[in-house]
Amino acid sequence: MPRLKRRINNLSHLFLPLSVLVILIIINLIKGADYFRITMVNGALYGNIPNILFGASELVILSIGMTLVTAASRGQDISIGESGAISSAIFVQYVLNAGEVTLCTILVGFLISCVAGLVIGAFNGTLVSFFNVQPMVATLILFLGGRSIAFIIDGKVSPILANEISNRIGTVIPGVPIPTPIILTAVFIVVVAVVLRTTNLRLYVEAVGVNPSAARLNGINPKKVIFLTFLLMGVCSAVAGFIAVNKAGRHDSVNLLKFIMMDAILAVALGGNSLGGGKFSITGSIIGAYTIEMLNRTLLRLEVNPEAIKAFKAVFIIVLMVIASPVVRVFVKKFLDEAKTIVARYSVRQTGGLNKGAASITDTTGKKGE
Amino acid sequence: MLSENILKMEGIGKSFPGVRALHNVDLTLRKGEIHALMGENGAGKSTLIKILTGVYQKDVGRIILEGRPVHFRSPQDAQNMGIGTVFQEIALCPNLTVAENMFIGRSRNAFVKWKQMNTKAAEMLSSLGIPASPTQELASCSIAVQQMIAIARAVDMDCKILILDEPTSSLDEDEVQKLFALMRQLKDRGVGIIFITHFIDEVYAISDRITVLRNGELIGEYQTSALPQIELISKMMGKALSDVSAIKKHEPPESDDSVPVFEAKALSSAAGVRPFNFKIQKGEVNGFAGLLGSGRSESVRAIFAADKVSGGEVKINGRRVKIKTPLQAMKQGIGYLPEDRKGDGIIDELSVCDNLILALQVMKGFFKPLSRKQAEEFADQFIKKLDIKTPSPNTPIKSLSGGNQQKVILARWLLTQPMYLILDEPTRGIDVGTKVEIQKLVLKLAADGMSLTFISSEIDEMLRVCSRLIVMKDREIVGELSGMNLTEQDVMHMIAQGGK
């Protein structure tokens, strides 16, 4: 029992993303009861849920990295889309120049793009941890210049990645009903879970995020930990870029993962994480990322004018953030407590009026108890 | 004229949840006098000042200002009544000009009359003899001048009473003299000055009278000229605990010529401690004694490499080692419980369990996490052993009381089984019961062969626990006392005479 209780307590920080998810599902079910229906089209699963899982793959991966960066450095990386564009540009160039495309070529290209991601992460991380630049300012550099670098690597507008393997990575592998990006995201999540379980990443990051001074006096080097989270962010960006470019089938250096850092930061916040660093929940961020994708698709499904979608989304998020803010939480708690005491007083008066004898007996036993 | 009381505080009392910060404290301030308010940490000086400046509301007592009882509901209230305060940290804006800093937020108009403001500022600066120009940027002035401008700002508010809370802590000798000159000038104008400092010599250089507080109670009010330094120190330190008999000190092992567990030669750090020599034997408990700011914390921080070590060599068990980071110190078997529990000790949002295993976990390394089960076993073991009162090991440490938080930090280091443990003010701000528990634990650990350094502001606590005291004054070791029959007198004499 206490174990179970603790489990439930651990879930309390997921209240926000889960409740939003439930609200969105209800809205969708009202719109049409067939929301959850999944059909098979050409041997692959098709429906709202697979679409959301498919569409959110890059965002989920990026929000994991963003969670770690936020927790340790108390700031956000706004260059993730650009860093994904750069590393995927390198991947595309490698594949295009490799001659015949085999699975091996793709794998090597992927690994090279991951190294590129590490280099970008190291650049941002050095600025933030060793030169003490604000994370948002440090990453602003690549946010501004990153797409130009990606274009220079491309050498021309939107090189096309026309090969069977890329197509399969971006859509489905024949015979496997689940779209490949969903599988890759799942694998990535499992890898992250294993890393969190087999290393002290969580303890180090949280300690540094909450109290860097105390962490230092316990032998943790806060600079190194912050640097590490930026390295991991770089890898996340590379993986997300890899998926995005294979989905698109070409490398559009201008639009690939454009403005995705906004959604990633939002996913972190929706997941119940403080943007001021400290304790973090990756589960929360993942649910937050899927929630954002679901919100986008819900608005489409409600036939909101595509021009107006962003405004609707903004309103929805403002309402959400206000509801979840500590101010409102405290207020609600106070309100509930007051309501409880009023109800309690009322019911006591009722029993007192109806059954005075019983009330006086409880009174005397109460006194004895004291 | 001189004997006219400008301020009288009578029977002031103030409690915070679980702590009685002030009890029946009086303070009288005469017109044109400099009155030193003295006491060690936790004596209640700052609480008293905060009541006087309207930051806190008193629970009981009266404040009489110029013969009329007053009640301050806010700092603004106190300011309007003519009480100006200058805090230790300069609360000015470095990027504004001197004149702007002096007048900012004072005018009721939305527009600033620059010319008028600058002329008025220039007048004030010259009348107070402050070497600054009104249009100069504040950041370009020295710290002392900035401090003086803060005073000028406070004085301008038609101030009758000026409170200076440790104004000299970041000034050098020369600057202090300039500040004193300004204080004397204000005194001649009839301003009553309350002066708080940790530097005994300054008190004697400038104050007329002294009020001493200890543990939230008034010890007495004295003429400075009639109170010898040694007596002042003894009044400040006093006796906090009377259950001396409860604790029996262990005789340190006699083999003084054996190889010390830890030895430092000419160790110094970037935090400004002068190079010092230090050693500790197996099973010995020693301590750095001295008033606040004497460099006792900086010394132990240098040992643990908590501040950047700038020189000196270190030997562990006779072997030369390099300790440049806290992790290296930990790996050599040194543990360090920092003075600032909230800022340097606890990771407040994390659970008791995470806080407890932190040091051990870091020593084991990044890739070898303890299993959840193992961590909780350790936590349960120490929660029982040190009687830590917590609802569960998974409770965030910030919801525990100060004493229990401190026990968790203590447990954190005991878990690493250090050979040499440094405890800097382990008993500060915690209840008497826990204090005694911690003292007993220290002696038990020493009996089991651990070496410990124990620092406390309460001298009698150190005398009870330590068998050797290293006495510090003004960031320098001025002497060493050892033996079973140490008394407070010995320590105070050494502090009072040392460094002269």
# chains A, B, ... in the order shown; residues from 1 in each chain; ligands from 1
$ residues_around --residues "region 46-51 of chain B" --least-positions-apart "5" --cutoff "8 Å" --atoms "only C-alpha atoms" --output "ChimeraX atom specification"
/B:21-22,56-58,163
$ residues_around --residues "Phe180 (chain B)" --least-positions-apart "6" --cutoff "12 Å" --atoms "only C-alpha atoms" --output "list in words"
Ile34, Leu128, Gly129, Ala144, Gln147, Met148, Ile151, Leu164, Pro167, Thr168, Leu171, Glu173, Asp174, Leu186, Lys187, Ile193, Phe195, Glu202, Val203, Tyr204, Ala205, Ile206 and Ser207 of chain B
$ residues_around --residues "region 138-146 of chain A" --least-positions-apart "2" --cutoff "9 Å" --atoms "only C-alpha atoms" --output "number ranges by chain"
A: 76-83, 85-86, 120, 124-125, 127-128, 133-136, 148-151
$ write_last_selection --atoms "C-alpha atoms" --output "PDB file, in the first residue's frame"
ATOM      1  CA  GLN A  76      16.828  27.083 -22.627  1.00  0.00           C
ATOM      2  CA  ASP A  77      18.567  26.171 -25.843  1.00  0.00           C
ATOM      3  CA  ILE A  78      16.830  28.038 -28.670  1.00  0.00           C
ATOM      4  CA  SER A  79      19.111  26.748 -31.411  1.00  0.00           C
ATOM      5  CA  ILE A  80      17.828  23.169 -31.490  1.00  0.00           C
ATOM      6  CA  GLY A  81      16.009  23.463 -34.822  1.00  0.00           C
ATOM      7  CA  GLU A  82      19.067  25.039 -36.433  1.00  0.00           C
ATOM      8  CA  SER A  83      21.412  22.508 -34.910  1.00  0.00           C
ATOM      9  CA  ALA A  85      19.253  21.421 -39.688  1.00  0.00           C
ATOM     10  CA  ILE A  86      23.065  21.540 -39.658  1.00  0.00           C
ATOM     11  CA  ILE A 120      27.347  21.978 -31.808  1.00  0.00           C
ATOM     12  CA  ASN A 124      26.850  25.972 -26.889  1.00  0.00           C
ATOM     13  CA  GLY A 125      27.906  24.175 -23.721  1.00  0.00           C
ATOM     14  CA  LEU A 127      29.697  29.283 -23.929  1.00  0.00           C
ATOM     15  CA  VAL A 128      27.169  28.549 -21.194  1.00  0.00           C
ATOM     16  CA  VAL A 133      26.833  33.225 -20.976  1.00  0.00           C
ATOM     17  CA  GLN A 134      23.075  33.067 -20.490  1.00  0.00           C
ATOM     18  CA  PRO A 135      21.862  29.903 -22.298  1.00  0.00           C
ATOM     19  CA  MET A 136      19.381  31.798 -24.415  1.00  0.00           C
ATOM     20  CA  SER A 148      22.987  29.749 -43.211  1.00  0.00           C
ATOM     21  CA  ILE A 149      25.583  27.202 -42.198  1.00  0.00           C
ATOM     22  CA  ALA A 150      23.163  24.416 -43.147  1.00  0.00           C
ATOM     23  CA  PHE A 151      22.591  26.079 -46.531  1.00  0.00           C
TER      24      PHE A 151
END
$ select_by_dssp --residues "region 67-266 of chain B" --states "helix (DSSP H, G or I)" --output "PyMOL selection string"
chain B and resi 75-80+98-103+114-128+138-140+143-156+173-188+200-206+224-226+229-237+244-246
$ residues_around --residues "Gln405 (chain B)" --least-positions-apart "5" --cutoff "12 Å" --atoms "only C-alpha atoms" --output "VMD selection string"
chain B and resid 337 340 to 342 345 to 348 350 to 353 355 to 356 383 386 to 390 395 to 400 410 to 412 426 to 430 434
$ interface_residues --of "chain B" --to "chain A" --cutoff "9 Å" --atoms "only C-alpha atoms" --output "CSV table (one decimal) with C-alpha atoms, in the first residue's frame"
chain,number,residue,atom,x,y,z
B,304,PHE,CA,38.7,21.1,1.6
B,305,ALA,CA,39.6,23.2,-1.5
B,306,ALA,CA,36.1,24.7,-1.3
B,325,THR,CA,39.0,20.4,-5.9
B,326,PRO,CA,36.4,19.2,-3.3
B,327,LEU,CA,36.2,15.8,-5.1
B,328,GLN,CA,40.0,15.3,-4.6
B,329,ALA,CA,39.6,16.1,-0.9
B,330,MET,CA,36.7,13.7,-0.6
B,335,GLY,CA,34.5,15.4,4.7
B,336,TYR,CA,33.2,19.0,5.0
B,337,LEU,CA,30.0,20.2,6.5
B,338,PRO,CA,29.7,23.8,5.4
B,341,ARG,CA,23.6,25.0,5.5
B,342,LYS,CA,21.0,26.5,3.2
B,343,GLY,CA,23.4,27.9,0.6
B,344,ASP,CA,26.1,25.2,0.5
B,345,GLY,CA,24.7,22.2,2.3
B,346,ILE,CA,21.3,21.0,1.4
B,347,ILE,CA,19.9,20.6,-2.0
B,348,ASP,CA,16.5,21.8,-0.9
B,349,GLU,CA,14.2,20.4,-3.5
B,350,LEU,CA,15.7,16.9,-3.4
B,354,ASP,CA,19.0,11.9,-2.3
B,355,ASN,CA,20.6,14.5,0.0
B,358,LEU,CA,24.9,12.5,-2.5
B,359,ALA,CA,28.5,12.6,-1.4
B,360,LEU,CA,28.9,8.8,-1.4
B,361,GLN,CA,27.3,8.6,-4.8
B,362,VAL,CA,29.6,11.3,-6.3
B,363,MET,CA,32.6,9.4,-4.9
B,365,GLY,CA,31.3,7.9,-9.7
B,366,PHE,CA,28.9,8.9,-12.5
B,367,PHE,CA,28.4,5.4,-13.9
B,368,LYS,CA,27.8,3.6,-10.7
B,369,PRO,CA,24.5,4.7,-9.2
B,370,LEU,CA,23.3,3.1,-6.1
B,371,SER,CA,20.1,1.1,-6.5
B,394,ASN,CA,11.4,10.6,0.1
$ residues_around --residues "Asn246 (chain A)" --least-positions-apart "5" --cutoff "8 Å" --atoms "only C-alpha atoms" --output "PyMOL selection string"
chain A and resi 161+166-167+169-170
$ residues_around --residues "Asn118 (chain B)" --least-positions-apart "2" --cutoff "10 Å" --atoms "only C-alpha atoms" --output "PyMOL selection string"
chain B and resi 97-100+102-103+113-116+120-124+133-135
$ select_by_dssp --residues "region 257-298 of chain B" --states "strand (DSSP E)" --output "list in words"
Phe262, Glu263, Ala264, Lys265, Ala266, Leu267, Ser268, Ser269, Phe276, Asn277, Phe278, Lys279, Ile280, Val285, Asn286, Gly287, Phe288 and Ala289 of chain B
$ write_last_selection --atoms "C-alpha atoms" --output "mmCIF file, in the first residue's frame"
data_model
loop_
_atom_site.group_PDB
_atom_site.id
_atom_site.type_symbol
_atom_site.label_atom_id
_atom_site.label_comp_id
_atom_site.auth_asym_id
_atom_site.auth_seq_id
_atom_site.Cartn_x
_atom_site.Cartn_y
_atom_site.Cartn_z
ATOM 1 C CA PHE B 262 46.305 15.580 7.798
ATOM 2 C CA GLU B 263 48.986 18.191 7.598
ATOM 3 C CA ALA B 264 49.104 21.481 5.724
ATOM 4 C CA LYS B 265 52.042 23.801 5.292
ATOM 5 C CA ALA B 266 51.614 27.454 4.309
ATOM 6 C CA LEU B 267 48.174 26.722 2.945
ATOM 7 C CA SER B 268 46.329 29.728 1.545
ATOM 8 C CA SER B 269 43.257 30.256 -0.561
ATOM 9 C CA PHE B 276 48.837 28.882 7.704
ATOM 10 C CA ASN B 277 50.194 25.616 9.029
ATOM 11 C CA PHE B 278 47.869 23.019 10.408
ATOM 12 C CA LYS B 279 47.863 19.381 11.411
ATOM 13 C CA ILE B 280 45.563 16.905 13.039
ATOM 14 C CA VAL B 285 39.145 16.859 17.796
ATOM 15 C CA ASN B 286 40.474 20.353 17.271
ATOM 16 C CA GLY B 287 38.869 23.626 16.397
ATOM 17 C CA PHE B 288 39.425 27.043 14.942
ATOM 18 C CA ALA B 289 38.405 29.628 17.507
#
$ atom_distance --atom1 "CA of Thr229 (chain A)" --atom2 "CA of Arg202 (chain A)"
10.8 Å
$ atom_distance --atom1 "CA of Ile292 (chain A)" --atom2 "CA of Gly241 (chain A)"
18.9 Å
$ atom_distance --atom1 "CA of Ala289 (chain A)" --atom2 "CA of Leu107 (chain A)"
26.7 Å
$ residues_around --residues "region 188-191 of chain A" --least-positions-apart "5" --cutoff "10 Å" --atoms "only C-alpha atoms" --output "tab-separated table (two decimals) with N, CA and C atoms, in the first residue's frame"
chain	number	residue	atom	x	y	z
A	57	SER	N	7.27	12.86	-33.30
A	57	SER	CA	8.54	12.17	-33.02
A	57	SER	C	9.69	13.12	-32.74
A	60	VAL	N	9.26	15.12	-29.48
A	60	VAL	CA	9.48	14.32	-28.27
A	60	VAL	C	10.97	14.22	-27.96
A	61	ILE	N	11.73	13.90	-29.01
A	61	ILE	CA	13.17	13.73	-28.81
A	61	ILE	C	13.82	15.04	-28.37
A	64	ILE	N	13.10	16.01	-24.73
A	64	ILE	CA	13.91	15.28	-23.74
A	64	ILE	C	15.21	16.05	-23.48
A	182	ILE	N	7.94	6.43	-35.40
A	182	ILE	CA	7.39	6.09	-34.08
A	182	ILE	C	8.31	5.08	-33.40
A	183	ILE	N	8.78	4.10	-34.20
A	183	ILE	CA	9.66	3.07	-33.62
A	183	ILE	C	10.97	3.72	-33.16
A	196	LEU	N	19.33	6.90	-17.80
A	196	LEU	CA	18.94	7.45	-16.49
A	196	LEU	C	19.07	6.40	-15.41
A	197	ARG	N	18.86	5.13	-15.78
A	197	ARG	CA	18.90	4.08	-14.78
A	197	ARG	C	20.33	3.65	-14.46
A	236	CYS	N	20.40	14.87	-29.29
A	236	CYS	CA	18.94	14.87	-29.50
A	236	CYS	C	18.61	15.63	-30.79
A	239	VAL	N	19.46	13.52	-33.84
A	239	VAL	CA	18.50	12.44	-34.08
A	239	VAL	C	17.21	13.01	-34.65
A	282	ILE	N	11.17	13.74	-17.22
A	282	ILE	CA	11.22	13.52	-18.67
A	282	ILE	C	9.89	12.94	-19.15
A	283	THR	N	9.29	12.09	-18.32
A	283	THR	CA	7.97	11.55	-18.67
A	283	THR	C	7.00	12.69	-18.93
A	286	ILE	N	7.66	14.33	-22.26
A	286	ILE	CA	7.23	13.50	-23.39
A	286	ILE	C	5.72	13.61	-23.56
